[in-house]
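**Q** Let me begin by handing over the structure; questions about it come next.
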Amino acid sequence: MTQRRFDAMVIGGGLVGAAIAWGLKREGLSVALLDEGDAAYRASRGNFGLVWVQSKGLGAPWYQRWTRQSAENWAEFARDLTQQTGQSLALAQPGGVHLCLSDAEMSDRAARMEQMKREAGNYGFDYRMLDAREARDMLPGLGPAVVGASFTPYDGHVSPLALLRSLHQGFTAMGGVYLPNLKINGIATAPRHFLLETSVGAIQAERAVLAAGLGNATLAPHFGLKAPVRPQRGQVLVTERARNVLPMPTTTIRQTGEGSIMLGDSVEEVGFDTRQTQPVMAEIAHRAALSFPWIGKLNVVRAWSALRVMSPDGLPIYDQSESLPGAFTANCHSGVTLAGAHARLLAPMIARGALDPFLSSFSAGRF
Ligand SMILES: Cc1cc2nc3c(=O)[nH]c(=O)nc-3n(C[C@H](O)[C@H](O)[C@H](O)COP(=O)(O)OP(=O)(O)OC[C@H]3O[C@@H](n4cnc5c(N)ncnc54)[C@H](O)[C@@H]3O)c2cc1C
């Protein structure tokens with residue numbers, strides 16, 4: 001059996017691990033990306049594809065700021081990936097709206113947005129509450145049930161599957177080593193020395209990055225880390241293609257680059273249950289048809305559910321191990337949105353060997 005040495009091994013080849021691995025390669029490190037494979041839970045293949053800022057970080061302005069930084073990095077990140085792979089990510093960041101279907105929803109939304117602005121302080125938070133007429137001017141075809149909306153200019157969307165594929169393609173094109181079908185259960189560890197015996201030989205690295213999504217909960221203690229993440233189910237529906245009608249995404253409705261309309265997504269605490277349920281799908285479709293009555297005339301062609309990677313307070317977890325320096329962990333429920341930050345901000349920190357003090361608010365020590 002051979003032993004291969006790397007500067008870093010990244011465990012988990014979903015959006016979080018692939019974005020970090022890609023960023024580490026760009027920093028000039030030798031990197032192995034290890035992934036359990038098709039049998040694993042993979043949020044990265046079942047998500048909604050929003051690059052979303054406006055509802056992130058209520059009561060936690062550091063999260064709002066991190067999300068904004070990521071959104072600001074997205075255009076260059078996508079440009080670099082597309083230059084590498086020749087594949088469009090269908091990224092658009094025209095801003096986004098959250099539709100309100102009752103006066104109660106509207107006043108609750110207005111209060112939240114004002115709180116976000118207050119908490120943003122000098123960093124600023126640009127938003128507008130739109131009355132029904134303004135919302136209709138912005139989004140033709142809105143139904144009479146919509147009483148108003150909130151708008152922020154930071155939001156957008158992307159093809160999450162093109163993103164995942166491009167990250168893998170770009171990573172390997174830069175000389176990264178991708179090792180699929182490897183479920184990691186244990187590892188030999190010492191500070192800045194991680195040694196993994198696998199069926200394809202031993203792998204040794206100075207840095208180990210735990211990015212195994214829901215798998216991090218059991219892996220983290222092997223590295224002196226904590227990642228108390230739990231599954232949270234979301235269901236998504238997709239319609240047949242429609243002519244180009246939606247100029248920007250809403251929190252739960254977006255038009256893909258190919259023209260289909262994605263509708264979602266629910267928030268359900270059902271453990272590791274990935275089934276779909278008729279009442280939830282019906283509610284998603286009902287709200288979509290109330291928002292845009294023309295959506296009610298389209299056929300739904302696909303539906304699925306997937307499990308989010310959720311921390312106890314919903315915020316990301318980033319840490320470097322105190323007992324085993326060189327071991328890092330990254331966990332979040334917005335891995336599409338945060339891909340820009342993971343690739344362009346977090347990966348360079350890991351390459352340098354220390355997380356910026358700014359990220360200490362995201363340590364699992366807060367639980
Ligand atoms: C319905 C839904 C809608 C969503 N919508 C959005 C959205 O609009 N915008 C947004 O930003 N985010 C969204 N998300 C969240 C986003 O999809 C996740 O944050 C992101 O995919 C998490 O990526 P991950 O790499 O951490 O986890 P995963 O995608 O779950 O990947 C983890 C990887 O680790 C591997 N793995 C696990 N255990 C092991 C092990 N022991 N050894 C080796 N490998 C292992 C698995 O094979 C897997 O590939 C949504 C999620 C869901 C479920």
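Naming works like this for the structure tokens: A, B, ... for the chains as they're shown, residue 1 at the start of each chain, ligands 1 onward in shown order.
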Would you write out, as CSV, a table of all residues in chain A that have an atom no more than 7 Å from an atom of ligand 1, listing for each the closest atom pair and the distance in Å to one decimal, considering only C-alpha atoms and all ligand atoms and ordering rows by chain and rising residue number?
**A**
residue,atom,partner,partner_atom_place_in_ligand_line,distance
A:Ile11,CA,ligand 1,43 (C),5.3
A:Gly12,CA,ligand 1,34 (O),3.4
A:Gly13,CA,ligand 1,49 (O),4.6
A:Gly14,CA,ligand 1,25 (O),3.4
A:Leu15,CA,ligand 1,25 (O),4.1
A:Val16,CA,ligand 1,25 (O),3.9
A:Gly17,CA,ligand 1,25 (O),5.3
A:Leu34,CA,ligand 1,43 (C),5.8
A:Asp35,CA,ligand 1,44 (N),3.8
A:Glu36,CA,ligand 1,44 (N),3.7
A:Gly37,CA,ligand 1,47 (O),4.4
A:Asp38,CA,ligand 1,47 (O),6.5
A:Ala40,CA,ligand 1,47 (O),4.7
A:Tyr41,CA,ligand 1,30 (O),5.3
A:Arg42,CA,ligand 1,30 (O),3.4
A:Ala43,CA,ligand 1,29 (O),3.8
A:Ser44,CA,ligand 1,21 (O),3.3
A:Arg45,CA,ligand 1,29 (O),6.5
A:Gly46,CA,ligand 1,53 (C),5.6
A:Asn47,CA,ligand 1,3 (C),3.5
A:Phe48,CA,ligand 1,5 (N),3.8
A:Gly49,CA,ligand 1,8 (O),4.1
A:Leu50,CA,ligand 1,8 (O),3.6
A:Val51,CA,ligand 1,11 (O),5.5
A:Trp52,CA,ligand 1,9 (N),6.4
A:Leu182,CA,ligand 1,43 (C),5.6
A:Lys183,CA,ligand 1,42 (N),3.7
A:Ile184,CA,ligand 1,42 (N),3.8
A:Asn185,CA,ligand 1,41 (N),5.5
A:Ala211,CA,ligand 1,26 (O),5.6
A:Ala212,CA,ligand 1,34 (O),3.3
A:Gly213,CA,ligand 1,27 (O),3.6
A:Leu214,CA,ligand 1,30 (O),6.0
A:Gly215,CA,ligand 1,38 (N),3.8
A:Asn216,CA,ligand 1,38 (N),6.6
A:Leu219,CA,ligand 1,41 (N),6.6
A:Arg233,CA,ligand 1,53 (C),6.0
A:Gly234,CA,ligand 1,1 (C),3.7
A:Gln235,CA,ligand 1,1 (C),5.3
A:Val236,CA,ligand 1,1 (C),6.1
A:Asp265,CA,ligand 1,1 (C),5.7
A:Ser305,CA,ligand 1,1 (C),6.0
A:Ala306,CA,ligand 1,53 (C),4.1
A:Leu307,CA,ligand 1,53 (C),4.1
A:Arg308,CA,ligand 1,53 (C),4.0
A:Val309,CA,ligand 1,19 (O),6.0
A:Asn331,CA,ligand 1,26 (O),5.5
A:Cys332,CA,ligand 1,19 (O),5.1
A:His333,CA,ligand 1,19 (O),3.5
A:Ser334,CA,ligand 1,11 (O),3.3
A:Gly335,CA,ligand 1,19 (O),3.4
A:Val336,CA,ligand 1,11 (O),3.5
A:Thr337,CA,ligand 1,11 (O),3.7
A:Leu338,CA,ligand 1,11 (O),6.2
**Q** For Leu24 (chain A), find every residue with an atom within 12 Å (counting only C-alpha atoms), except residues of its own chain fewer than 4 positions away, and show them as a VMD selection string.
**A** chain A and resid 6 to 10 17 to 20 28 to 33 167 170 to 171 174 to 176 207 to 209 342 to 353
**Q** With distances taken over only C-alpha atoms, which of A:Ala327, A:Met281, A:Leu246, A:Ala288 is nearest to Leu225 (chain A)?
**A**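 Of A:Ala327, A:Met281, A:Leu246, A:Ala288, the one nearest Leu225 (chain A) is A:Ala327, counting only C-alpha atoms.
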**Q** Mind running region 212-300 of chain A against region 53-71 of chain A at 12 Å and telling me each contacting residue's nearest atom pair with the distance in Å (one decimal), counting only C-alpha atoms, chain and number ascending, as JSON lines?
**A**
{"residue": "A:Pro249", "atom": "CA", "partner": "A:Gln54", "partner_atom": "CA", "distance": 11.9}
{"residue": "A:Thr250", "atom": "CA", "partner": "A:Gln54", "partner_atom": "CA", "distance": 10.5}
{"residue": "A:Thr251", "atom": "CA", "partner": "A:Ser55", "partner_atom": "CA", "distance": 9.0}
**Q** Could you build a table of the residues in region 163-208 of chain A lying no more than 12 Å from region 141-159 of chain A, giving for each the nearest pair of atoms and their separation in Å rounded to one decimal place, using only C-alpha atoms, ordered by chain and ascending residue number, as a Markdown table?
**A**
| residue | atom | partner | partner_atom | distance |
| --- | --- | --- | --- | --- |
| A:Leu163 | CA | A:Ser159 | CA | 6.2 |
| A:Leu164 | CA | A:Ser159 | CA | 8.8 |
| A:Arg165 | CA | A:Ser159 | CA | 10.1 |
| A:Ser166 | CA | A:Ser159 | CA | 10.5 |
**Q** Using only C-alpha atoms, which residues sit within 12 Å of Arg79 (chain A) once same-chain residues fewer than 5 positions away are excluded, as a PDB file with N, CA, C and O atoms, in the first residue's frame?
**A**
ATOM      1  N   ASN A  73     -18.665  38.359  -2.875  1.00  0.00           N
ATOM      2  CA  ASN A  73     -17.592  37.595  -3.522  1.00  0.00           C
ATOM      3  C   ASN A  73     -18.093  36.707  -4.660  1.00  0.00           C
ATOM      4  O   ASN A  73     -17.290  36.143  -5.400  1.00  0.00           O
ATOM      5  N   TRP A  74     -19.426  36.560  -4.726  1.00  0.00           N
ATOM      6  CA  TRP A  74     -19.976  35.552  -5.628  1.00  0.00           C
ATOM      7  C   TRP A  74     -19.672  35.809  -7.103  1.00  0.00           C
ATOM      8  O   TRP A  74     -19.350  34.877  -7.858  1.00  0.00           O
ATOM      9  N   GLN A  84     -12.533  28.502 -15.663  1.00  0.00           N
ATOM     10  CA  GLN A  84     -11.832  27.222 -15.522  1.00  0.00           C
ATOM     11  C   GLN A  84     -12.538  26.088 -16.251  1.00  0.00           C
ATOM     12  O   GLN A  84     -11.906  25.229 -16.841  1.00  0.00           O
ATOM     13  N   THR A  85     -13.872  26.071 -16.168  1.00  0.00           N
ATOM     14  CA  THR A  85     -14.617  24.883 -16.601  1.00  0.00           C
ATOM     15  C   THR A  85     -15.389  25.102 -17.899  1.00  0.00           C
ATOM     16  O   THR A  85     -15.835  24.129 -18.512  1.00  0.00           O
ATOM     17  N   GLY A  86     -15.610  26.344 -18.280  1.00  0.00           N
ATOM     18  CA  GLY A  86     -16.421  26.632 -19.468  1.00  0.00           C
ATOM     19  C   GLY A  86     -17.909  26.444 -19.221  1.00  0.00           C
ATOM     20  O   GLY A  86     -18.719  26.566 -20.132  1.00  0.00           O
ATOM     21  N   GLN A  87     -18.285  26.165 -17.965  1.00  0.00           N
ATOM     22  CA  GLN A  87     -19.698  25.906 -17.663  1.00  0.00           C
ATOM     23  C   GLN A  87     -20.336  27.110 -16.964  1.00  0.00           C
ATOM     24  O   GLN A  87     -19.808  27.609 -15.964  1.00  0.00           O
ATOM     25  N   SER A  88     -21.483  27.549 -17.470  1.00  0.00           N
ATOM     26  CA  SER A  88     -22.202  28.646 -16.811  1.00  0.00           C
ATOM     27  C   SER A  88     -22.829  28.141 -15.513  1.00  0.00           C
ATOM     28  O   SER A  88     -23.313  27.015 -15.444  1.00  0.00           O
ATOM     29  N   LEU A  89     -22.831  28.997 -14.497  1.00  0.00           N
ATOM     30  CA  LEU A  89     -23.499  28.639 -13.237  1.00  0.00           C
ATOM     31  C   LEU A  89     -24.902  29.227 -13.168  1.00  0.00           C
ATOM     32  O   LEU A  89     -25.595  29.077 -12.169  1.00  0.00           O
ATOM     33  N   ALA A  90     -25.303  29.945 -14.215  1.00  0.00           N
ATOM     34  CA  ALA A  90     -26.604  30.626 -14.232  1.00  0.00           C
ATOM     35  C   ALA A  90     -26.761  31.539 -13.017  1.00  0.00           C
ATOM     36  O   ALA A  90     -27.844  31.638 -12.439  1.00  0.00           O
ATOM     37  N   LEU A  91     -25.665  32.212 -12.640  1.00  0.00           N
ATOM     38  CA  LEU A  91     -25.743  33.134 -11.497  1.00  0.00           C
ATOM     39  C   LEU A  91     -26.431  34.428 -11.920  1.00  0.00           C
ATOM     40  O   LEU A  91     -26.097  35.003 -12.946  1.00  0.00           O
ATOM     41  N   ALA A  92     -27.386  34.875 -11.111  1.00  0.00           N
ATOM     42  CA  ALA A  92     -27.979  36.205 -11.295  1.00  0.00           C
ATOM     43  C   ALA A  92     -28.162  36.797  -9.908  1.00  0.00           C
ATOM     44  O   ALA A  92     -28.630  36.105  -8.997  1.00  0.00           O
ATOM     45  N   LEU A 163     -22.965  24.398  -9.880  1.00  0.00           N
ATOM     46  CA  LEU A 163     -21.929  24.854  -8.936  1.00  0.00           C
ATOM     47  C   LEU A 163     -21.141  23.672  -8.390  1.00  0.00           C
ATOM     48  O   LEU A 163     -19.901  23.669  -8.398  1.00  0.00           O
ATOM     49  N   SER A 166     -18.994  22.137 -11.098  1.00  0.00           N
ATOM     50  CA  SER A 166     -17.874  23.011 -11.487  1.00  0.00           C
ATOM     51  C   SER A 166     -16.790  23.021 -10.414  1.00  0.00           C
ATOM     52  O   SER A 166     -15.600  23.074 -10.736  1.00  0.00           O
ATOM     53  N   GLY A 340     -19.151  31.429  -1.828  1.00  0.00           N
ATOM     54  CA  GLY A 340     -18.200  32.498  -2.163  1.00  0.00           C
ATOM     55  C   GLY A 340     -17.244  32.758  -1.011  1.00  0.00           C
ATOM     56  O   GLY A 340     -16.029  32.904  -1.202  1.00  0.00           O
TER      57      GLY A 340
END
**Q** So which residues of region 109-198 of chain A fall under alpha helix (DSSP H) by DSSP, listed as a ChimeraX atom specification?
**A** /A:109-120,132-138,160-173
**Q** Quick one: pull the distance between CA of Arg128 (chain A) and CA of Val97 (chain A), Å, one decimal.
**A** 9.5 Å
**Q** Tell me which of A:Ala341, A:Gly365, A:Lys25, A:Ala110 sits closest to Ala75 (chain A), counting only C-alpha atoms.
**A**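 For Ala75 (chain A), the nearest of the given residues is A:Ala341.
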